[in-house]
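Below: entry.txt (compact mmCIF, C-alpha atoms)
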# COMPACT_ATOMS: atom_id res chain seq x y z
CA MET A 198 -17.81 53.98 -11.52
CA ILE A 199 -15.30 53.35 -8.77
CA LEU A 200 -18.24 53.00 -6.39
CA ILE A 201 -19.30 49.69 -7.98
CA PHE A 202 -15.80 48.26 -7.58
CA ILE A 203 -15.78 49.41 -3.95
CA PHE A 204 -19.17 47.80 -3.41
CA ILE A 205 -17.96 44.52 -4.93
CA ALA A 206 -15.01 44.55 -2.51
CA PHE A 207 -17.31 45.43 0.41
CA ILE A 208 -19.72 42.60 -0.44
CA LEU A 209 -16.87 40.10 -0.60
CA PHE A 210 -15.32 41.41 2.62
CA SER A 211 -18.58 41.42 4.58
CA ILE A 212 -19.48 37.88 3.51
CA GLY A 213 -15.96 36.74 4.43
CA LEU A 214 -16.13 38.44 7.82
CA GLY A 215 -19.58 36.99 8.47
CA GLY A 216 -18.26 33.58 7.55
CA VAL A 217 -15.33 33.88 9.94
CA ILE A 218 -17.61 34.97 12.78
CA ILE A 219 -20.40 32.45 12.23
CA SER A 220 -18.56 29.41 10.94
CA ARG A 221 -16.82 26.99 13.25
CA HIS A 222 -15.49 24.82 10.49
CA PHE A 223 -11.74 25.16 10.08
CA ILE A 224 -11.61 25.05 6.28
CA LEU A 225 -14.57 27.39 5.86
CA MET A 226 -12.83 29.92 8.10
CA ILE A 227 -9.68 29.74 5.96
CA ILE A 228 -11.78 30.17 2.82
CA SER A 229 -13.54 33.17 4.38
CA VAL A 230 -10.19 34.79 5.12
CA GLU A 231 -9.20 34.13 1.49
CA MET A 232 -12.32 35.99 0.38
CA MET A 233 -11.43 38.91 2.63
CA LEU A 234 -7.91 39.00 1.15
CA ILE A 235 -9.34 39.03 -2.37
CA ALA A 236 -11.64 41.88 -1.34
CA GLY A 237 -8.62 43.82 -0.12
CA ALA A 238 -6.81 43.16 -3.38
CA ILE A 239 -9.78 44.37 -5.44
CA LEU A 240 -10.08 47.51 -3.31
CA ALA A 241 -6.34 48.24 -3.56
CA VAL A 242 -6.23 47.75 -7.33
CA SER A 243 -9.36 49.82 -7.92
CA PHE A 244 -8.06 52.71 -5.81
CA PHE A 245 -4.61 52.57 -7.32
CA SER A 246 -5.81 52.37 -10.91
CA TYR A 247 -8.30 55.21 -10.44
CA LEU A 248 -6.36 57.57 -8.22
CA LEU A 249 -2.73 56.81 -8.99
CA PRO A 250 -2.58 55.47 -12.55
CA GLY A 251 0.78 54.10 -13.56
CA SER A 252 1.89 53.20 -10.06
CA ALA A 253 3.20 49.73 -9.38
CA ILE A 254 0.68 47.83 -7.30
CA VAL A 255 2.28 44.46 -8.04
CA MET A 256 4.38 44.46 -4.86
CA LEU A 257 1.36 44.98 -2.61
CA LEU A 258 -0.50 42.25 -4.45
CA PHE A 259 2.47 39.92 -4.08
CA ALA A 260 2.24 40.44 -0.33
CA ILE A 261 -1.49 39.59 -0.41
CA TRP A 262 -0.90 36.53 -2.57
CA SER A 263 1.92 35.31 -0.35
CA VAL A 264 -0.29 35.62 2.74
CA ALA A 265 -2.98 33.63 0.92
CA ALA A 266 -0.45 30.95 -0.03
CA ILE A 267 0.81 30.76 3.56
CA GLU A 268 -2.75 30.20 4.74
CA ILE A 269 -3.17 27.31 2.37
CA ILE A 270 0.10 25.76 3.58
CA ALA A 271 -1.16 26.11 7.16
CA LEU A 272 -4.44 24.53 6.05
CA ILE A 273 -2.63 21.54 4.56
CA VAL A 274 -0.43 21.08 7.65
CA PHE A 275 -3.31 21.37 10.12
CA TYR A 276 -5.64 19.26 8.01
CA ARG A 277 -3.14 16.42 7.73
CA TYR A 278 -2.40 16.64 11.45
CA MET A 279 -6.07 16.59 12.36
CA SER A 280 -6.88 13.71 10.07
CA ARG A 281 -3.89 11.74 11.42
CA GLU A 282 -4.79 12.39 15.05
CA ASN A 283 -8.50 11.85 14.32
CA LEU A 284 -9.39 15.30 15.56
CA SER A 285 -12.51 17.24 14.67
CA LEU A 286 -12.42 20.25 12.38
CA ASP A 287 -14.56 22.19 14.85
CA VAL A 288 -12.40 25.08 16.03
CA ASN A 289 -14.06 25.04 19.45
CA LYS A 290 -12.54 21.65 20.07
CA LEU A 291 -9.08 22.83 19.03
CA SER A 292 -8.62 24.39 22.46
CA LYS A 293 -7.86 20.90 23.71
CA LEU A 294 -4.62 20.95 21.73
CA LYS A 295 -1.53 21.56 23.80
CA GLY A 296 1.65 22.92 22.38
CA MET B 48 -23.56 51.14 -20.80
CA ILE B 49 -22.36 47.61 -21.53
CA PHE B 50 -19.52 48.16 -19.07
CA GLU B 51 -21.93 49.06 -16.26
CA ILE B 52 -24.16 46.07 -17.00
CA ALA B 53 -21.13 43.77 -17.00
CA LEU B 54 -19.99 45.26 -13.68
CA LEU B 55 -23.40 44.74 -12.10
CA LEU B 56 -23.44 41.16 -13.40
CA VAL B 57 -19.99 40.60 -11.89
CA MET B 58 -21.21 42.04 -8.58
CA PHE B 59 -24.23 39.73 -8.64
CA PHE B 60 -22.11 36.66 -9.42
CA VAL B 61 -19.53 37.53 -6.76
CA ALA B 62 -22.24 37.91 -4.11
CA THR B 63 -23.97 34.69 -5.17
CA LEU B 64 -20.81 32.61 -5.34
CA SER B 65 -19.47 33.87 -2.04
CA LEU B 66 -22.75 33.02 -0.33
CA LEU B 67 -22.80 29.62 -2.04
CA VAL B 68 -19.53 28.84 -0.25
CA PHE B 69 -21.58 28.47 2.95
CA ALA B 70 -24.51 26.72 1.28
CA PHE B 71 -22.76 23.67 -0.16
CA ARG B 72 -22.28 20.60 1.94
CA ASN B 73 -19.63 19.03 -0.23
CA MET B 74 -16.23 20.63 0.29
CA LEU B 75 -15.19 20.20 -3.34
CA TYR B 76 -18.10 22.40 -4.49
CA VAL B 77 -17.09 24.98 -1.88
CA ILE B 78 -13.59 25.17 -3.34
CA LEU B 79 -14.98 25.25 -6.87
CA SER B 80 -17.07 28.30 -6.00
CA LEU B 81 -14.01 29.93 -4.42
CA LEU B 82 -12.11 29.21 -7.65
CA PHE B 83 -14.81 31.05 -9.62
CA ILE B 84 -14.54 33.98 -7.19
CA PHE B 85 -10.81 34.10 -7.99
CA LEU B 86 -11.60 34.06 -11.71
CA LEU B 87 -14.13 36.86 -11.30
CA SER B 88 -11.59 38.93 -9.36
CA ALA B 89 -9.17 38.47 -12.27
CA PHE B 90 -11.96 39.67 -14.57
CA ILE B 91 -12.43 42.72 -12.32
CA PHE B 92 -8.71 43.48 -12.62
CA LEU B 93 -9.12 43.24 -16.39
CA MET B 94 -12.04 45.68 -16.26
CA LEU B 95 -9.92 48.06 -14.22
CA GLY B 96 -7.39 48.18 -17.04
CA GLN B 97 -4.73 46.00 -15.39
CA PRO B 98 -4.26 42.98 -17.68
CA LEU B 99 -0.91 42.01 -16.14
CA LEU B 100 -2.45 41.78 -12.68
CA ALA B 101 -5.32 39.74 -14.10
CA VAL B 102 -2.90 37.24 -15.64
CA LEU B 103 -0.89 37.06 -12.41
CA GLN B 104 -4.09 36.60 -10.43
CA VAL B 105 -5.13 33.68 -12.62
CA ILE B 106 -1.69 32.07 -12.44
CA ILE B 107 -1.18 32.47 -8.69
CA THR B 108 -4.65 32.05 -7.23
CA VAL B 109 -6.42 29.80 -9.70
CA GLY B 110 -3.34 27.85 -10.73
CA GLY B 111 -1.56 27.70 -7.39
CA ILE B 112 -3.74 28.35 -4.38
CA SER B 113 -6.85 26.55 -5.64
CA THR B 114 -4.79 23.52 -6.65
CA TYR B 115 -3.26 23.38 -3.17
CA MET B 116 -6.75 23.62 -1.70
CA PHE B 117 -7.98 20.76 -3.86
CA VAL B 118 -4.99 18.67 -2.77
CA ALA B 119 -5.55 19.53 0.89
CA VAL B 120 -9.23 18.69 0.88
CA ALA B 121 -9.08 15.69 -1.44
CA ALA B 122 -6.30 14.09 0.63
CA ALA B 123 -8.62 13.28 3.54
CA GLU B 124 -12.20 12.26 4.04
CA PHE B 125 -15.00 14.77 4.53
CA SER B 126 -16.92 12.83 7.13
CA ASN B 127 -16.33 15.35 9.90
CA PHE B 128 -17.67 18.26 7.88
CA ARG B 129 -19.82 20.49 10.02
CA PHE B 130 -22.54 22.41 8.22
CA THR B 131 -22.56 26.18 8.71
CA SER B 132 -25.87 28.01 8.92
CA PHE B 133 -26.31 29.74 5.56
CA ALA B 134 -29.03 32.13 6.78
CA LYS B 135 -26.96 33.30 9.73
CA VAL B 136 -23.97 34.07 7.50
CA ALA B 137 -26.17 35.93 4.99
CA ALA B 138 -27.89 38.00 7.70
CA LEU B 139 -24.66 38.89 9.48
CA SER B 140 -23.00 39.74 6.14
CA ALA B 141 -25.87 42.10 5.28
CA VAL B 142 -25.44 43.86 8.63
CA ILE B 143 -21.65 44.16 8.19
CA PHE B 144 -22.10 45.42 4.62
CA ALA B 145 -24.57 48.07 5.80
CA VAL B 146 -22.17 49.21 8.50
CA ILE B 147 -19.06 49.44 6.33
CA ALA B 148 -20.85 50.83 3.27
CA TYR B 149 -22.68 53.58 5.17
CA PRO B 150 -19.77 56.08 4.98
CA MET B 151 -19.90 55.78 1.18
CA LYS B 152 -23.23 57.60 1.33
CA THR B 153 -21.53 60.74 2.58
CA MET B 154 -18.49 60.42 0.34
CA VAL B 155 -18.14 63.50 -1.85
CA PHE B 156 -17.48 62.93 -5.53
CA SER B 157 -16.06 65.81 -7.50
CA ASP B 158 -16.78 66.38 -11.20
CA SER B 159 -13.74 64.42 -12.25
CA GLY B 160 -14.95 61.42 -10.27
CA ILE B 161 -12.13 61.64 -7.76
CA PRO B 162 -13.45 60.81 -4.28
CA THR B 163 -12.55 62.92 -1.28
CA ASN B 164 -12.06 61.97 2.32
CA VAL B 165 -15.25 62.17 4.37
CA LEU B 166 -13.62 63.71 7.43
CA THR B 167 -10.99 66.03 5.99
CA GLN B 168 -12.69 66.78 2.63
CA GLN B 169 -9.28 66.29 1.05
CA VAL B 170 -8.81 64.56 -2.26
CA ILE B 171 -7.75 61.00 -1.52
CA ALA B 172 -5.15 60.91 -4.30
CA GLU B 173 -3.15 63.68 -2.61
CA THR B 174 -3.23 61.99 0.77
CA MET B 175 -2.40 58.58 -0.68
CA SER B 176 0.53 59.70 -2.79
CA GLY B 177 2.44 60.66 0.34
CA GLN B 178 1.93 57.20 1.77
CA ILE B 179 3.12 55.19 -1.23
CA PHE B 180 6.59 54.66 0.24
CA ASN B 181 5.11 53.42 3.52
CA ILE B 182 2.77 51.07 1.68
CA PHE B 183 5.68 49.58 -0.25
CA ILE B 184 7.76 49.23 2.92
CA ILE B 185 4.86 47.41 4.61
CA ALA B 186 4.43 45.18 1.58
CA ILE B 187 8.14 44.28 1.51
CA VAL B 188 8.19 43.56 5.25
CA LEU B 189 5.08 41.38 4.89
CA PHE B 190 6.59 39.55 1.95
CA GLY B 191 9.79 38.90 3.92
CA ALA B 192 7.78 37.71 6.91
CA THR B 193 5.92 35.18 4.80
CA ILE B 194 9.10 33.87 3.19
CA SER B 195 10.78 33.56 6.58
CA SER B 196 7.73 31.77 7.99
CA ILE B 197 8.06 29.20 5.20
CA ILE B 198 11.72 28.67 6.16
CA LEU B 199 10.74 28.43 9.84
CA LEU B 200 8.06 25.85 9.03
CA ARG B 201 10.59 23.78 7.12
CA GLU B 202 13.06 23.93 10.00
CA LEU B 203 10.34 22.89 12.44
CA GLY B 204 9.33 20.08 10.12
CA ARG B 205 12.88 18.72 10.09
CA LYS B 206 12.98 18.59 13.88

Give the structure from the file, written as structure tokens.
Amino acid sequence: MILIFIFIAFILFSIGLGGVIISRHFILMIISVEMMLIAGAILAVSFFSYLLPGSAIVMLLFAIWSVAAIEIIALIVFYRYMSRENLSLDVNKLSKLKG
Amino acid sequence: MIFEIALLLVMFFVATLSLLVFAFRNMLYVILSLLFIFLLSAFIFLMLGQPLLAVLQVIITVGGISTYMFVAVAAAEFSNFRFTSFAKVAALSAVIFAVIAYPMKTMVFSDSGIPTNVLTQQVIAETMSGQIFNIFIIAIVLFGATISSIILLRELGRK
């Protein structure tokens, strides 16, 4: 039974990783990383609930959720900056940024 | 039996929705499909017997993160959206899935359903229980790093 949960996490992770590698769109890359984080959360919860029942997984999930929230904050900041400076969302063109 | 069918349905919907993220041209539909992936992950937590985590997942990801995403994307125009090749993502994802799922073929399952490590043939529960403290330490450090990065961003924003 745990195999199906692991496969769900693997599917989500592989599609997210493929999206990060193939996509050059900034927002799609962030969304792909979100999918990979969710895959990690599913894998962690399935392993913990099957192998170590009763253990507190909430702290690990809080870390995952906080990383996801930080990514969205970075997305908002970068997106507003790019739209203000009239920059493209193509990550290949971001190398022109100096900072 | 119903549980297995529901799990397979969830697996099908997760795969379809996550591929649809790269198929839509409109960014709002992309975020809507991501929102449904979050909801399905909460459903998976519920199926794993963790209702508290499912509720927290719905509150934090669907209520918080997706709303922020909607705000971020709806605040600007989508004219510079660059379409990603759906077929390339699907093909590369299939290759990555085959590579990372191949060790599962050799994973040994005992009668009680507890998986063992492929290399050491040791029950994973015994090896994991010794690492719980380290996992929590890593989680706390990561949590502190994220909080401090928020504070750092605010300080940089003031300057």

Within 7 Å of segment 263-279 of chain A, counting only C-alpha atoms, which residues qualify if same-chain residues fewer than 5 places away don't, as a ChimeraX atom specification? /A:231,284-285 /B:112,115-116,119,190,193

Quick one: which residues from chain A are at most 7 Å off chain B, using all atoms listed in the file, as a ChimeraX atom specification? /A:205,207-209,211-212,215-216,219-220,222,239,243,246,248-249,256-257,260,263-264,266-267,269,273,280,285-286

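Nearest to Leu86 of chain B of all the residues B:Asn181, B:Lys152, B:Val109, B:Arg72 is B:Val109, based on only C-alpha atoms.
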
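Counting from atom CA of Ser229 of chain A, the distance to atom CA of Ala134 of chain B is 15.7 Å.
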
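With atom CA of Val102 of chain B on one side and atom CA of Ala241 of chain A on the other, the separation reads 16.7 Å.
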
Since the input is missing atoms for segment 243-278 of chain A, could you rebuild it with N, CA and C atoms and give the result as a short mmCIF file (atom, residue, chain, number, x, y, z; two decimals), keeping the file's coordinate frame?
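Done, and the output landed in selection21.cif:
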data_model
loop_
_atom_site.label_atom_id
_atom_site.label_comp_id
_atom_site.auth_asym_id
_atom_site.auth_seq_id
_atom_site.Cartn_x
_atom_site.Cartn_y
_atom_site.Cartn_z
N SER A 243 -8.43 48.82 -7.40
CA SER A 243 -9.36 49.82 -7.92
C SER A 243 -8.93 51.23 -7.50
N PHE A 244 -8.51 51.38 -6.24
CA PHE A 244 -8.06 52.71 -5.81
C PHE A 244 -6.80 53.13 -6.54
N PHE A 245 -5.86 52.21 -6.68
CA PHE A 245 -4.61 52.57 -7.32
C PHE A 245 -4.82 52.91 -8.78
N SER A 246 -5.67 52.13 -9.47
CA SER A 246 -5.81 52.37 -10.91
C SER A 246 -6.65 53.61 -11.19
N TYR A 247 -7.51 54.00 -10.23
CA TYR A 247 -8.30 55.21 -10.44
C TYR A 247 -7.57 56.46 -9.98
N LEU A 248 -6.92 56.36 -8.82
CA LEU A 248 -6.36 57.57 -8.22
C LEU A 248 -4.90 57.78 -8.58
N LEU A 249 -4.15 56.69 -8.70
CA LEU A 249 -2.73 56.81 -8.99
C LEU A 249 -2.39 55.94 -10.20
N PRO A 250 -2.85 56.32 -11.38
CA PRO A 250 -2.58 55.47 -12.55
C PRO A 250 -1.10 55.43 -12.87
N GLY A 251 -0.64 54.25 -13.22
CA GLY A 251 0.78 54.10 -13.56
C GLY A 251 1.63 53.65 -12.41
N SER A 252 1.07 53.63 -11.19
CA SER A 252 1.89 53.20 -10.06
C SER A 252 1.94 51.68 -10.00
N ALA A 253 2.99 51.18 -9.41
CA ALA A 253 3.20 49.73 -9.38
C ALA A 253 2.51 49.15 -8.16
N ILE A 254 1.44 48.43 -8.38
CA ILE A 254 0.68 47.83 -7.30
C ILE A 254 1.09 46.38 -7.11
N VAL A 255 1.97 45.90 -8.02
CA VAL A 255 2.28 44.46 -8.04
C VAL A 255 2.89 44.01 -6.71
N MET A 256 3.72 44.87 -6.09
CA MET A 256 4.38 44.46 -4.86
C MET A 256 3.38 44.24 -3.73
N LEU A 257 2.40 45.14 -3.64
CA LEU A 257 1.36 44.98 -2.61
C LEU A 257 0.55 43.71 -2.86
N LEU A 258 0.25 43.46 -4.14
CA LEU A 258 -0.50 42.25 -4.45
C LEU A 258 0.32 40.99 -4.18
N PHE A 259 1.63 41.08 -4.40
CA PHE A 259 2.47 39.92 -4.08
C PHE A 259 2.40 39.60 -2.59
N ALA A 260 2.36 40.67 -1.77
CA ALA A 260 2.24 40.44 -0.33
C ALA A 260 0.92 39.74 -0.02
N ILE A 261 -0.17 40.20 -0.66
CA ILE A 261 -1.49 39.59 -0.41
C ILE A 261 -1.49 38.14 -0.86
N TRP A 262 -0.92 37.89 -2.05
CA TRP A 262 -0.90 36.53 -2.57
C TRP A 262 -0.04 35.62 -1.69
N SER A 263 1.07 36.17 -1.18
CA SER A 263 1.92 35.31 -0.35
C SER A 263 1.23 34.98 0.97
N VAL A 264 0.47 35.93 1.53
CA VAL A 264 -0.29 35.62 2.74
C VAL A 264 -1.33 34.54 2.45
N ALA A 265 -1.99 34.64 1.29
CA ALA A 265 -2.98 33.63 0.92
C ALA A 265 -2.32 32.26 0.76
N ALA A 266 -1.14 32.23 0.15
CA ALA A 266 -0.45 30.95 -0.03
C ALA A 266 -0.03 30.36 1.31
N ILE A 267 0.42 31.23 2.23
CA ILE A 267 0.81 30.76 3.56
C ILE A 267 -0.38 30.14 4.28
N GLU A 268 -1.55 30.76 4.11
CA GLU A 268 -2.75 30.20 4.74
C GLU A 268 -3.05 28.81 4.22
N ILE A 269 -2.86 28.62 2.94
CA ILE A 269 -3.17 27.31 2.37
C ILE A 269 -2.16 26.27 2.88
N ILE A 270 -0.90 26.69 3.03
CA ILE A 270 0.10 25.76 3.58
C ILE A 270 -0.28 25.39 5.02
N ALA A 271 -0.71 26.40 5.80
CA ALA A 271 -1.16 26.11 7.16
C ALA A 271 -2.37 25.19 7.15
N LEU A 272 -3.27 25.40 6.16
CA LEU A 272 -4.44 24.53 6.05
C LEU A 272 -4.03 23.09 5.80
N ILE A 273 -3.07 22.91 4.88
CA ILE A 273 -2.63 21.54 4.56
C ILE A 273 -2.01 20.89 5.79
N VAL A 274 -1.12 21.64 6.49
CA VAL A 274 -0.43 21.08 7.65
C VAL A 274 -1.43 20.70 8.75
N PHE A 275 -2.33 21.64 9.07
CA PHE A 275 -3.31 21.37 10.12
C PHE A 275 -4.27 20.26 9.72
N TYR A 276 -4.67 20.24 8.46
CA TYR A 276 -5.64 19.26 8.01
C TYR A 276 -5.05 17.86 8.08
N ARG A 277 -3.80 17.73 7.66
CA ARG A 277 -3.14 16.42 7.73
C ARG A 277 -2.95 15.99 9.19
N TYR A 278 -2.58 16.96 10.04
CA TYR A 278 -2.40 16.64 11.45
C TYR A 278 -3.72 16.20 12.08
#
